[in-house]
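Participant: I'd like to ask you about the structure that follows.
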Amino acid sequence: PANINDSMVLDFLRFRGREARKPLVFSELLRIVADIGTDLLNRRERYLQDLVADHGAVHVCAYCNFAVALTRNIKQSDRTIATRMQVTDGYEMTKTFAKDPMNFEVVEIARAGGAVAEGHWAPVPDGHPWLRDVYQRMAICRNCGFQLGWRYEPGGAPKECASPCCTLQARPGREYCCPKCRYQGPYHHDSDCEKKDALIPKAPVVWGFIWRHLRERRKPNEQIPEDDAGRSRHKETNLNFKTNTVCPKGHKLR
C-alpha cells in the first residue's frame with residue numbers, strides 16, 4: 001500500500017541493522033542534494049504564500065505542509081467518525097492485526113486538489129446519517145501519502161476485487177475476481193477469470209479529513225513550527241493554566 005504509515009514499518013524492516021557511515025566520496029554529492037532539498041522547500045513555501053494571498057486561507061497536510069484544500073470549500077466543520085482500524089505505530093514500528101475502535105473529529109470538504117483516493121471502496125461505518133448511500137476510500141496526501149481521512153462517493157457500484165492493486169470486479173458473491181489473483185496478486189489470473197473492469201467512481205464526491213491531520217495557513221509569512229527544533233514550544237498563559245485541553249490562546253485542542 002502507498003500509505004506512509006505502513007511504509008514506515010516496512011522501512012524499519014528494510015533498513016534494520018547497524019548504521020553505516022557515509023562514504024567520503026559522496027560528501028560533496030550529499031551537500032548538493034541537501035542544497036537542492038532546501039531550495040525545493042523554499043519554493044513550496046513561496047507557493048503557499050502566493051496561494052494564501054490570492055485565494056485566502058488554505059489547509060495543508062500536517063506531515064509535509066503540502067496544500068490540500070482551500071478553507072472556503074469547507075461544507076461542515078464539526079463532523080465525527082466512529083470506525084475500526086488497524087493501529088500502525090510509526091515509532092514502535094508495529095501494526096496490529098485486529099482493528100481497534102477509533103473516534104475522529106472530521107471536516108467535510110467539497111473540493112480537495114491536494115488529496116487523492118487510495119484503494120478499493122468500502123462500506124461506511126454504521127451510525128453516520130450524513131453518510132447515507134455512499135462508499136468510502138482512504139484519502140491520502142497527494143505529496144507524501146500520509147492518510148488525511150476518507151473520500152466518499154455515490155454507492156451502488158459492483159464490488160471490487162479485494163486483491164491489492166487489482167482493478168477488476170469481484171465475482172458475484174465473492175471477494176476476489178479469481179483464486180489466482182487472490183493468492184498470487186493482480187498480475188496473475190485464471191483462464192476463466194471474467195476480467196471485468198471496476199467502474200469509475202461517479203461524481204459528486206466529498207472529502208472527510210481528520211482535523212488533527214491538517215494545519216491551516218491563514219496569511220503569508222506565517223511561522224511554521226519545526227518538529228526537530230530541539231526545544232519545547234509550550235507556553236503557559238492564564239487561558240491554559242493547569243489544563244491540557246486548550247492552547248495558550250484558549251483554542252480547543254483536537
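The way I read the labels, and the way they are meant: chains A, B, ... in the order of the C-alpha cells, residue 1 as the first residue of every chain, and ligand 1 as the first ligand shown, with later ones counted on from there.
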Env of segment 122-139 of chain A: 8 Å cut, atoms = only C-alpha atoms, seq-sep filter 2 positions within chain, self excluded. Answer as a list in words.
Facilitator: Ile81, Ala82, Thr83, Ala115, Val116, Ala117, Glu118, Gly119, His120, Cys141, Gln147, Leu148, Gly149, Trp150, Arg151, Tyr152, Glu153, Pro154, Gly155, Gly156, Trp207 and Phe209 of chain A
Participant: Can I get the selection written as a short mmCIF file (atom, residue, chain, number, x, y, z; two decimals), in the first residue's frame, with N, CA and C atoms?
Facilitator:
data_model
loop_
_atom_site.label_atom_id
_atom_site.label_comp_id
_atom_site.auth_asym_id
_atom_site.auth_seq_id
_atom_site.Cartn_x
_atom_site.Cartn_y
_atom_site.Cartn_z
N ILE A 81 -16.49 10.83 13.13
CA ILE A 81 -16.46 9.48 12.55
C ILE A 81 -16.06 8.49 13.64
N ALA A 82 -16.86 7.45 13.81
CA ALA A 82 -16.53 6.34 14.70
C ALA A 82 -16.32 5.11 13.83
N THR A 83 -15.13 4.56 13.84
CA THR A 83 -14.81 3.44 12.95
C THR A 83 -13.83 2.50 13.65
N ALA A 115 -5.38 16.14 -2.36
CA ALA A 115 -5.58 14.79 -1.83
C ALA A 115 -5.96 13.85 -2.97
N VAL A 116 -5.77 12.57 -2.74
CA VAL A 116 -6.13 11.56 -3.73
C VAL A 116 -6.69 10.34 -3.00
N ALA A 117 -7.67 9.67 -3.62
CA ALA A 117 -8.26 8.48 -3.02
C ALA A 117 -7.39 7.26 -3.32
N GLU A 118 -7.29 6.36 -2.35
CA GLU A 118 -6.45 5.17 -2.49
C GLU A 118 -7.25 3.93 -2.14
N GLY A 119 -6.99 2.85 -2.88
CA GLY A 119 -7.55 1.55 -2.52
C GLY A 119 -8.95 1.31 -3.02
N HIS A 120 -9.52 0.17 -2.62
CA HIS A 120 -10.86 -0.22 -3.03
C HIS A 120 -11.90 0.46 -2.14
N CYS A 141 -2.53 12.28 1.28
CA CYS A 141 -1.90 13.47 0.74
C CYS A 141 -1.28 13.16 -0.62
N GLN A 147 -2.08 9.55 5.46
CA GLN A 147 -3.54 9.45 5.45
C GLN A 147 -4.15 10.71 6.07
N LEU A 148 -5.04 11.34 5.29
CA LEU A 148 -5.73 12.55 5.76
C LEU A 148 -7.14 12.23 6.24
N GLY A 149 -7.74 11.16 5.72
CA GLY A 149 -9.11 10.81 6.08
C GLY A 149 -9.70 9.88 5.04
N TRP A 150 -10.87 10.26 4.50
CA TRP A 150 -11.57 9.41 3.54
C TRP A 150 -12.22 10.25 2.45
N ARG A 151 -12.43 9.62 1.30
CA ARG A 151 -13.22 10.22 0.23
C ARG A 151 -14.51 9.42 0.10
N TYR A 152 -15.63 10.13 -0.03
CA TYR A 152 -16.94 9.50 -0.13
C TYR A 152 -17.51 9.71 -1.52
N GLU A 153 -18.01 8.63 -2.10
CA GLU A 153 -18.55 8.66 -3.46
C GLU A 153 -19.90 7.95 -3.48
N PRO A 154 -20.75 8.24 -4.47
CA PRO A 154 -22.07 7.60 -4.53
C PRO A 154 -21.95 6.08 -4.54
N GLY A 155 -22.83 5.42 -3.79
CA GLY A 155 -22.81 3.96 -3.70
C GLY A 155 -23.51 3.31 -4.88
N GLY A 156 -23.59 1.98 -4.83
CA GLY A 156 -24.28 1.22 -5.86
C GLY A 156 -23.39 0.55 -6.87
N TRP A 207 -15.02 14.97 0.68
CA TRP A 207 -13.88 14.51 1.45
C TRP A 207 -14.13 14.70 2.93
N PHE A 209 -11.81 14.88 6.13
CA PHE A 209 -10.42 14.91 6.61
C PHE A 209 -10.39 14.98 8.14
#
Participant: Check the DSSP output for the backbone and give back, as an NGL selection string, the residues of segment 11-124 of chain A in strand (DSSP E).
Facilitator: :A and (58-61 or 67-70 or 74-89 or 94-109 or 115-123)
Participant: Going by DSSP on the backbone, which residues of segment 26-207 of chain A come out as helix (DSSP H, G or I)? List them as a ChimeraX atom specification.
Facilitator: /A:26-55,71-73,129-131,179-184
Participant: Would you compute the distance between atom CA of Asn143 of chain A and atom CA of Ala162 of chain A? Give it in Å to one decimal.
Facilitator: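 For atom CA of Asn143 of chain A relative to atom CA of Ala162 of chain A, the distance reads 25.5 Å.
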Participant: Applying 10 Å and only C-alpha atoms, which residues near Arg217 of chain A remain after dropping the ones on its own chain fewer than 4 positions away? List them as a list in words.
Facilitator: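 Skipping anything fewer than 4 positions along the chain leaves Leu48, Gln49, Leu51, Val52, Gly56, Ala57, Val58, His59, Val60, Asn65, Ala67, Leu70, Thr71, Asn221, Glu222, Gln223 and Ile224 of chain A.
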Participant: Write the residues of the selection above to a file with all heavy atoms, as a compact mmCIF listing (two decimals), in the first residue's frame.
Facilitator:
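Result went into out27.txt, see below:
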# COMPACT_ATOMS: atom_id res chain seq x y z
N LEU A 48 2.92 28.52 -1.24
CA LEU A 48 1.87 28.62 -0.23
C LEU A 48 1.55 30.07 0.09
O LEU A 48 0.39 30.44 0.27
CB LEU A 48 2.29 27.87 1.03
CG LEU A 48 2.18 26.35 1.00
CD1 LEU A 48 2.74 25.75 2.28
CD2 LEU A 48 0.74 25.90 0.81
N GLN A 49 2.59 30.91 0.17
CA GLN A 49 2.36 32.33 0.44
C GLN A 49 1.53 32.97 -0.67
O GLN A 49 0.60 33.74 -0.41
CB GLN A 49 3.70 33.04 0.61
CG GLN A 49 4.47 32.63 1.85
CD GLN A 49 5.80 33.33 1.98
OE1 GLN A 49 6.11 34.24 1.22
NE2 GLN A 49 6.61 32.91 2.93
N LEU A 51 -0.49 31.38 -2.71
CA LEU A 51 -1.82 30.77 -2.69
C LEU A 51 -2.71 31.45 -1.65
O LEU A 51 -3.86 31.77 -1.92
CB LEU A 51 -1.69 29.28 -2.40
CG LEU A 51 -2.97 28.44 -2.49
CD1 LEU A 51 -3.49 28.42 -3.92
CD2 LEU A 51 -2.71 27.01 -2.02
N VAL A 52 -2.17 31.66 -0.46
CA VAL A 52 -2.94 32.31 0.60
C VAL A 52 -3.26 33.75 0.23
O VAL A 52 -4.37 34.24 0.46
CB VAL A 52 -2.17 32.24 1.94
CG1 VAL A 52 -2.85 33.09 3.00
CG2 VAL A 52 -2.07 30.80 2.41
N GLY A 56 -7.01 33.17 -0.18
CA GLY A 56 -7.42 33.09 1.21
C GLY A 56 -6.83 31.88 1.91
O GLY A 56 -5.95 31.19 1.39
N ALA A 57 -7.32 31.61 3.12
CA ALA A 57 -6.77 30.55 3.96
C ALA A 57 -6.82 29.19 3.26
O ALA A 57 -7.74 28.90 2.49
CB ALA A 57 -7.52 30.48 5.29
N VAL A 58 -5.83 28.36 3.56
CA VAL A 58 -5.73 27.03 2.96
C VAL A 58 -5.33 26.04 4.04
O VAL A 58 -4.59 26.36 4.97
CB VAL A 58 -4.70 27.03 1.81
CG1 VAL A 58 -3.32 27.39 2.32
CG2 VAL A 58 -4.65 25.69 1.10
N HIS A 59 -5.87 24.82 3.94
CA HIS A 59 -5.48 23.75 4.85
C HIS A 59 -4.39 22.91 4.18
O HIS A 59 -4.50 22.55 3.01
CB HIS A 59 -6.69 22.87 5.19
CG HIS A 59 -7.57 23.49 6.24
ND1 HIS A 59 -8.56 24.40 5.93
CD2 HIS A 59 -7.61 23.34 7.58
CE1 HIS A 59 -9.16 24.78 7.04
NE2 HIS A 59 -8.61 24.15 8.05
N VAL A 60 -3.35 22.61 4.95
CA VAL A 60 -2.21 21.86 4.44
C VAL A 60 -2.05 20.57 5.21
O VAL A 60 -2.57 20.41 6.32
CB VAL A 60 -0.90 22.70 4.53
CG1 VAL A 60 -1.04 23.99 3.76
CG2 VAL A 60 -0.54 22.98 5.99
N ASN A 65 3.25 19.69 4.98
CA ASN A 65 2.93 21.10 4.72
C ASN A 65 2.52 21.33 3.26
O ASN A 65 2.64 22.44 2.74
CB ASN A 65 4.13 21.98 5.07
CG ASN A 65 3.70 23.37 5.49
OD1 ASN A 65 2.65 23.56 6.12
ND2 ASN A 65 4.50 24.36 5.15
N ALA A 67 -0.24 21.86 0.30
CA ALA A 67 -1.58 22.42 0.21
C ALA A 67 -2.58 21.35 -0.16
O ALA A 67 -2.41 20.64 -1.16
CB ALA A 67 -1.62 23.56 -0.81
N LEU A 70 -8.69 24.54 -0.03
CA LEU A 70 -8.98 25.90 0.40
C LEU A 70 -10.03 25.87 1.51
O LEU A 70 -10.98 25.10 1.46
CB LEU A 70 -9.50 26.74 -0.77
CG LEU A 70 -8.53 26.95 -1.95
CD1 LEU A 70 -9.23 27.68 -3.07
CD2 LEU A 70 -7.30 27.72 -1.49
N THR A 71 -9.85 26.73 2.49
CA THR A 71 -10.77 26.78 3.62
C THR A 71 -12.19 27.10 3.17
O THR A 71 -13.16 26.63 3.75
CB THR A 71 -10.29 27.82 4.64
OG1 THR A 71 -8.97 27.47 5.07
CG2 THR A 71 -11.20 27.88 5.85
N ASN A 221 3.82 34.53 5.18
CA ASN A 221 4.93 34.71 6.12
C ASN A 221 4.61 34.22 7.54
O ASN A 221 5.15 34.74 8.51
CB ASN A 221 5.36 36.17 6.16
CG ASN A 221 5.79 36.68 4.80
OD1 ASN A 221 6.50 36.00 4.06
ND2 ASN A 221 5.35 37.89 4.45
N GLU A 222 3.73 33.23 7.66
CA GLU A 222 3.47 32.64 8.97
C GLU A 222 4.67 31.83 9.41
O GLU A 222 5.36 31.21 8.60
CB GLU A 222 2.24 31.73 8.91
CG GLU A 222 0.92 32.47 8.91
CD GLU A 222 -0.26 31.51 8.92
OE1 GLU A 222 -0.29 30.65 8.03
OE2 GLU A 222 -1.11 31.62 9.79
N GLN A 223 4.92 31.80 10.71
CA GLN A 223 5.99 30.97 11.24
C GLN A 223 5.51 29.52 11.30
O GLN A 223 4.46 29.23 11.87
CB GLN A 223 6.40 31.43 12.64
CG GLN A 223 7.52 30.58 13.23
CD GLN A 223 7.90 31.02 14.63
OE1 GLN A 223 7.30 31.94 15.17
NE2 GLN A 223 8.89 30.35 15.21
N ILE A 224 6.28 28.63 10.70
CA ILE A 224 5.93 27.22 10.67
C ILE A 224 6.79 26.48 11.68
O ILE A 224 8.02 26.44 11.55
CB ILE A 224 6.14 26.62 9.26
CG1 ILE A 224 5.39 27.44 8.23
CG2 ILE A 224 5.68 25.17 9.25
CD1 ILE A 224 3.91 27.55 8.48
Participant: Closest to Gly250 of chain A among A:Lys235, A:Lys219, A:Arg31, A:Glu105, using only C-alpha atoms?
Facilitator: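 Selected residue with least distance to Gly250 of chain A: A:Lys235.
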Participant: For a test of reading the model, state the distance in Å between atom CA of Ile140 of chain A and atom CA of Ala62 of chain A, rounded to one decimal.
Facilitator: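 Value for the atom CA of Ile140 of chain A-atom CA of Ala62 of chain A distance: 11.7 Å.
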Participant: Just give me the gap between atom CA of Gln76 of chain A and atom CA of Thr243 of chain A in Å, one decimal is fine.
Facilitator: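 Between atom CA of Gln76 of chain A and atom CA of Thr243 of chain A the gap is 27.9 Å.
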Participant: Please identify all polymer residues within 7 Å of segment 246-249 of chain A, counting only C-alpha atoms, omitting same-chain residues fewer than 2 positions from it, and present them as a PyMOL selection string.
Facilitator: chain A and resi 235-237+239-240+244+251-253
Participant: Between A:Leu24, A:Leu30, A:Val206, A:Met85, single out the one closest to Asn103 of chain A, counting only C-alpha atoms.
Facilitator: A:Met85
